[in-house]
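Here is the structure we will look at.
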Amino acid sequence: MGRKINLLLVDDEEQFLDSMKKQLDARGFNVIPVNRGEKAIEAARKMPVDIALVDLKMPGIDGEQTLRALKKEHQWMEIIILTGHGSIDSALECSRRGAYEYLQKPCNTEELLEVLKEAYKKKVMNKNKLEEKRINEMLKMSGSASSLDILSRLREIDSGLD
Ligand SMILES: [Mg+2]
């Protein structure tokens with residue numbers, strides 16, 4: 001078994017953080033709970049985050065700014081925006097800025113798991129697509145390179161994509 005899926009959970013409501021963390025830990029995710037956008041950005045620099053669930057309305061930098069900062073630094077991370085009712089316009093704006101999806105709080109667990117599955121699938125497929133592209137380009141350019149050369153370049157590609 002490899003590592004668990006790292007899920008960054010960002011919300012200023014402590015009760016919501018606690019209950020979501022419990023639910024998602026119980027389903028096998030490694031949940032990193034933080035109550036501010038600033039802390040989310042810090043946490044993502046310290047460990048590889050696969051998916052972030054980000055509340056739209058928070059003191060300090062809001063969900064949209066957090067989304068932008070995370071996307072800029074972590075190209076593979078998929079981000080799901082959480083909204084209270086009445087913030088659909090801002091949530092749609094987040095979709096335009098690269099959020100995978102937005103969900104209304106409180107979240108239905110089954111619906112959330114479905115969205116998490118699709119978001120993680122997208123992340124894995126995007127990484128694999130890039131890997132395939134790099135391999136094809138490398139092979140095209142390698143001309144008369146030896147098998148050992150090609151093996152070592154493949155090794156570089158394989159180790160550089162985490
Ligand atoms: Mg909030």
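Ligands are numbered from 1 in the order shown, residues from 1 within each chain, and chains are lettered A, B, ... in the order they appear in the structure tokens.
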**Request:** Return as a list of chain:residue names every polymer residue, whether protein, DNA or RNA, with at least one atom no more than 7 Å from an atom of ligand 1; count only C-alpha atoms and all ligand atoms.
**Result:**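 Using only C-alpha atoms and all ligand atoms, everything at most 7 Å from ligand 1 comes to A:Asp11, A:Asp12, A:Glu13, A:Asp55, A:Leu56, A:Lys57, A:Met58.
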query: Which residues come within 12 Å of Ile80 in chain A, counting only C-alpha atoms, excluding same-chain residues fewer than 4 positions away, as a VMD selection string?
result: chain A and resid 7 to 10 50 to 56 63 to 64 66 to 67 70 to 71 91 to 92 94 to 95 97 to 105 107 112 to 113 115 to 120
Contacts of Arg134 in chain A within 12 Å, only C-alpha atoms, excl. fewer than 4 positions in-chain, as a PDB file with C-alpha atoms, in the first residue's frame:
```
ATOM      1  CA  LYS A 127      -0.210  13.435 -14.233  1.00  0.00           C
ATOM      2  CA  ASN A 128      -0.168  10.327 -16.376  1.00  0.00           C
ATOM      3  CA  LYS A 129      -0.914  12.298 -19.514  1.00  0.00           C
ATOM      4  CA  LEU A 130       2.042  14.551 -18.880  1.00  0.00           C
ATOM      5  CA  MET A 138      12.190  11.999 -25.026  1.00  0.00           C
ATOM      6  CA  LEU A 139      12.032   8.919 -27.280  1.00  0.00           C
ATOM      7  CA  LYS A 140      11.570  11.079 -30.355  1.00  0.00           C
ATOM      8  CA  MET A 141      14.645  13.114 -29.506  1.00  0.00           C
ATOM      9  CA  SER A 142      16.835  10.273 -28.354  1.00  0.00           C
ATOM     10  CA  ARG A 153      16.068   9.178 -18.843  1.00  0.00           C
ATOM     11  CA  LEU A 154      12.947   7.144 -18.150  1.00  0.00           C
ATOM     12  CA  ARG A 155      14.098   6.837 -14.547  1.00  0.00           C
ATOM     13  CA  GLU A 156      14.392  10.622 -14.334  1.00  0.00           C
ATOM     14  CA  ILE A 157      10.859  11.088 -15.646  1.00  0.00           C
ATOM     15  CA  ASP A 158       9.545   8.441 -13.254  1.00  0.00           C
ATOM     16  CA  GLY A 160      10.391  13.582 -11.069  1.00  0.00           C
ATOM     17  CA  LEU A 161       6.642  13.301 -11.055  1.00  0.00           C
TER      18      LEU A 161
END
```
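If you measure from each of A:Glu14, A:Glu110, A:Lys46, A:Asn6 to Ile32 in chain A using only C-alpha atoms, the closest one turns out to be A:Asn6.
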Run DSSP on the backbone and grab whatever in range 62-146 of chain A lands in alpha helix (DSSP H); send it over as a PDB file with C-alpha atoms, in the first residue's frame.
```
ATOM      1  CA  GLY A  63     -11.641  30.776  -0.500  1.00  0.00           C
ATOM      2  CA  GLU A  64     -11.151  32.275  -3.933  1.00  0.00           C
ATOM      3  CA  GLN A  65      -7.760  33.763  -3.041  1.00  0.00           C
ATOM      4  CA  THR A  66      -6.743  30.510  -1.362  1.00  0.00           C
ATOM      5  CA  LEU A  67      -7.735  28.616  -4.490  1.00  0.00           C
ATOM      6  CA  ARG A  68      -5.643  30.888  -6.682  1.00  0.00           C
ATOM      7  CA  ALA A  69      -2.573  30.631  -4.460  1.00  0.00           C
ATOM      8  CA  LEU A  70      -2.800  26.837  -4.182  1.00  0.00           C
ATOM      9  CA  LYS A  71      -3.332  26.351  -7.917  1.00  0.00           C
ATOM     10  CA  LYS A  72      -0.394  28.587  -8.729  1.00  0.00           C
ATOM     11  CA  GLU A  73       2.007  26.590  -6.547  1.00  0.00           C
ATOM     12  CA  ILE A  88     -23.383  30.572  -5.920  1.00  0.00           C
ATOM     13  CA  ASP A  89     -22.046  33.488  -8.006  1.00  0.00           C
ATOM     14  CA  SER A  90     -18.716  33.455  -6.174  1.00  0.00           C
ATOM     15  CA  ALA A  91     -18.617  29.677  -6.399  1.00  0.00           C
ATOM     16  CA  LEU A  92     -19.068  29.870 -10.166  1.00  0.00           C
ATOM     17  CA  GLU A  93     -16.262  32.405 -10.323  1.00  0.00           C
ATOM     18  CA  CYS A  94     -14.064  29.849  -8.537  1.00  0.00           C
ATOM     19  CA  SER A  95     -14.919  27.261 -11.186  1.00  0.00           C
ATOM     20  CA  ARG A  96     -13.664  29.689 -13.792  1.00  0.00           C
ATOM     21  CA  THR A 109     -21.271  12.428   2.494  1.00  0.00           C
ATOM     22  CA  GLU A 110     -22.082  10.194  -0.464  1.00  0.00           C
ATOM     23  CA  GLU A 111     -22.150  13.151  -2.816  1.00  0.00           C
ATOM     24  CA  LEU A 112     -18.878  14.400  -1.389  1.00  0.00           C
ATOM     25  CA  LEU A 113     -17.219  10.999  -1.835  1.00  0.00           C
ATOM     26  CA  GLU A 114     -18.374  10.902  -5.456  1.00  0.00           C
ATOM     27  CA  VAL A 115     -16.869  14.344  -6.098  1.00  0.00           C
ATOM     28  CA  LEU A 116     -13.638  13.396  -4.287  1.00  0.00           C
ATOM     29  CA  LYS A 117     -13.359  10.270  -6.424  1.00  0.00           C
ATOM     30  CA  GLU A 118     -13.806  12.214  -9.665  1.00  0.00           C
ATOM     31  CA  ALA A 119     -11.398  14.954  -8.581  1.00  0.00           C
ATOM     32  CA  TYR A 120      -8.699  12.443  -7.639  1.00  0.00           C
ATOM     33  CA  LYS A 121      -9.247  10.564 -10.898  1.00  0.00           C
ATOM     34  CA  LYS A 122      -8.675  13.820 -12.769  1.00  0.00           C
ATOM     35  CA  LYS A 123      -5.454  14.453 -10.863  1.00  0.00           C
ATOM     36  CA  VAL A 124      -4.047  10.985 -11.574  1.00  0.00           C
ATOM     37  CA  MET A 125      -5.023  11.139 -15.254  1.00  0.00           C
ATOM     38  CA  ASN A 126      -3.489  14.589 -15.738  1.00  0.00           C
ATOM     39  CA  LYS A 127      -0.210  13.435 -14.233  1.00  0.00           C
ATOM     40  CA  ASN A 128      -0.168  10.327 -16.376  1.00  0.00           C
ATOM     41  CA  LYS A 129      -0.914  12.298 -19.514  1.00  0.00           C
ATOM     42  CA  LEU A 130       2.042  14.551 -18.880  1.00  0.00           C
ATOM     43  CA  GLU A 131       4.253  11.556 -18.172  1.00  0.00           C
ATOM     44  CA  GLU A 132       3.231   9.942 -21.454  1.00  0.00           C
ATOM     45  CA  LYS A 133       3.914  13.169 -23.328  1.00  0.00           C
ATOM     46  CA  ARG A 134       7.370  13.497 -21.764  1.00  0.00           C
ATOM     47  CA  ILE A 135       8.249   9.904 -22.592  1.00  0.00           C
ATOM     48  CA  ASN A 136       7.170  10.278 -26.219  1.00  0.00           C
ATOM     49  CA  GLU A 137       9.124  13.518 -26.634  1.00  0.00           C
ATOM     50  CA  MET A 138      12.190  11.999 -25.026  1.00  0.00           C
ATOM     51  CA  LEU A 139      12.032   8.919 -27.280  1.00  0.00           C
ATOM     52  CA  LYS A 140      11.570  11.079 -30.355  1.00  0.00           C
ATOM     53  CA  MET A 141      14.645  13.114 -29.506  1.00  0.00           C
TER      54      MET A 141
END
```
